[in-house]
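Trainee: Supplied in structure tokens, the structure appears directly below.
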Amino acid sequence: MKTEHVLLRHRDHPEINELENYRKIGGFEVFRKVVTTMQPNEVIEVVKSSGLRGRGGAGFPTGLKWAFVDQKNWPHYVVANADESEPGTFKDREILEGNPFQFLEGVAIASYAVGARAAYVYLRGEFWQIAHQLDRRIQQLYHAGLLGERLFGTDYSLHIFTHLGAGAYICGEETAMLESIEGKLGQPRLRPPFPPSFGLFGKPTVVNNVETLTNVPLIIERGAEWYRSFGTEKSPGVKIFCLSGRVKRPGNYELPLGTPFRKLIYEYGGGILEDHPIKAIMAAGASSSLIVANDPALDTPMDYESVPSLGAQLGSASVIVVDDTVSIDWLINKTVHFFRHESCGKCTPCREGTFWMMHLTDRITAGKASWQDVELLKDVASQMRGKCFCALGEFSIEAVLSGIERFRGDFEARVKG
Amino acid sequence: MNTLLEKYTDEVQTILAKYPPDQKRSALMPLLYLAQREYGYISKQAMNEIGEILDITATEVASVVGFYTLYHDQPAGKYRIQVCTDLPCALRGSEEFLKQLCENLGIQPGETTADGLVTVEEVTCLAACDRSPVFQVQTPDGLVYHENQSVENAMKLIRTWQSKP
């Protein structure tokens, strides 16, 4: 029996991107129930027991994050992270287009749970069309009495606004995002203090990814136990796996956490283009370490605990598949160019490190380098580790170092002498 | 005279109303989109006008314009074709797509066609990795995605722009 989708529900119920159709399947009844019959901390408890973890990449327990919100400092804000910019990640976009009201209901429930009366949805600038659709849908919620003042006859009021970015990967970092909403350069803040104590406009703020929030309505409706029936004990629930690269059927696949790589790539993805041998996997987009795609790796469950055993991370589950037509020196040249372009310039290790890694990988890929250059590249990357201001710089070296270590032959073949 | 404020009084107010009254600067990014729509790019005059609306200096406005890639402080082609050549797309032939598209138009990436109609640019991931080759078209009015593209399709699209008066 095929299980129903929890997140990509538009695949089972087409046209739920219209409010009346979403309400036909119970949409916004959970929000009503929450506001009229539950205390905020009861909502947080359910989310905590569901084991839901942040789906943007960091995997932080969602309920715990909500519980951290400073109760002595008001007002509170919720910010939904729809900046989806990690190369290989395209899940939030499908949710926002196909199942936008479940996402908005998740924003509304999260806002109630943390006592926020205003929420901002931060969309990357490229999602211009989606932002306009979302504005129209938010207006429909106001007209339907599901947003605005004194909701359902209670004292609770909620307003949701969109804020459009303008092309900067770094704004997906939560504190850079807050800076960007404040009309500043999207550069990260020093943490701590973390957003739940000092966030948007200096007020306690919860920043959650689109996919994370879209889980929330059904978790409240059906209960933590139901949610825990998917996935593994430590990584409960479902996850959207974005499959891209050299596979026959790239796309989004919503599967229980703990599904093995092999099933995603060969069963759902149809295997490798022209049936070539698989070579490497990046599980967390361009920020990934390179996994050598041997049999034990392919049989590894995709969850937060198992992927690290391969010297990698699950991250946002953006699975980029690489086959034997690809040389790894070329691949890291691509990822390094990306990080060099997106480095915000705030800290020297990242700004200078990505710059020099770019020049070194350019030279290697052009066949003009010696092995000394590869050693120098390793040295630059290693010296960045632990010294960058935020995760952008820290993750820019993952593919570089794991690539040289695990696919040394590709580099040896490319260099002279 | 503040053209933006006078010509778009209601829209400026709607934008300001999205943020707390003491956090006016938050309106900067949406106002920059408004200015780009009005002027085609973000001119010095636009930066001054926005600075005036938000009580910040034109230099502060300029620093934000310079930080974000979708704001442009120089005019370019009426249509900016922005092709994703990031890793997942490159694994599916986007670099070759960009090369052929540019050859068809007789320009290099980053350049504008002689008639001033089309600029082709390389951009980072657009969150459409399963539908490569993909590009977005940015005009002063907004952004539209074009997915699963071929060079023939793209050239057909460009010809529809050429035939517009």
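Letters A, B, ... go to the chains of the structure tokens in the order shown; residues in each chain start at 1; ligands are counted from 1 in the same order.
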Tell me, as an MDAnalysis selection string, which residues lie within 10 Å of region 298-306 of chain A, counting only C-alpha atoms; anything in the same chain fewer than 3 positions away does not count.
Mentor: chainID A and resid 53 57:59 231:232 234:236 239 241 255:266 278 281 283 291:295 309:315 317
Trainee: Do you know which residues are at most 8 Å from region 81-92 of chain B counting only C-alpha atoms, after dropping those on the same chain fewer than 4 positions away, and could you put them as number ranges by chain?
Mentor: A: 87-88, 244-246, 286, 320, 322, 331, 334-335, 338; B: 98, 118-126, 129, 132-138
Trainee: Any idea what the distance is between CA of Ser402 (chain A) and CA of Val374 (chain A)?
Mentor: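 CA of Val374 (chain A) lies 12.7 Å from CA of Ser402 (chain A).
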Trainee: Tell me which protein, DNA and RNA residues are within 9 Å of region 50-65 of chain B, counting only C-alpha atoms, leaving out same-chain ones fewer than 3 positions away, and put them as a list in words.
Mentor: Gly183, Lys184, Leu185 and Gly186 of chain A; Asn2, Leu4, Leu5, Val12, Lys24, Arg25, Ser26, Ala27, Leu28, Met29, Leu31, Leu32, Ala35, Ile42, Lys44, Gln45, Ala46, Met47, Tyr68, Thr69, Leu70, Tyr71, His72 and Asp73 of chain B
Trainee: Could you pull out the strand (DSSP E or B) residues of region 53-121 of chain B, going by DSSP on the backbone, and write them as a list in words?
Mentor: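 So the strand (DSSP E or B) residues in region 53-121 of chain B would be Tyr79, Arg80, Ile81, Gln82, Val83, Cys84, Thr112, Val118, Thr119, Val120 and Glu121 of chain B.
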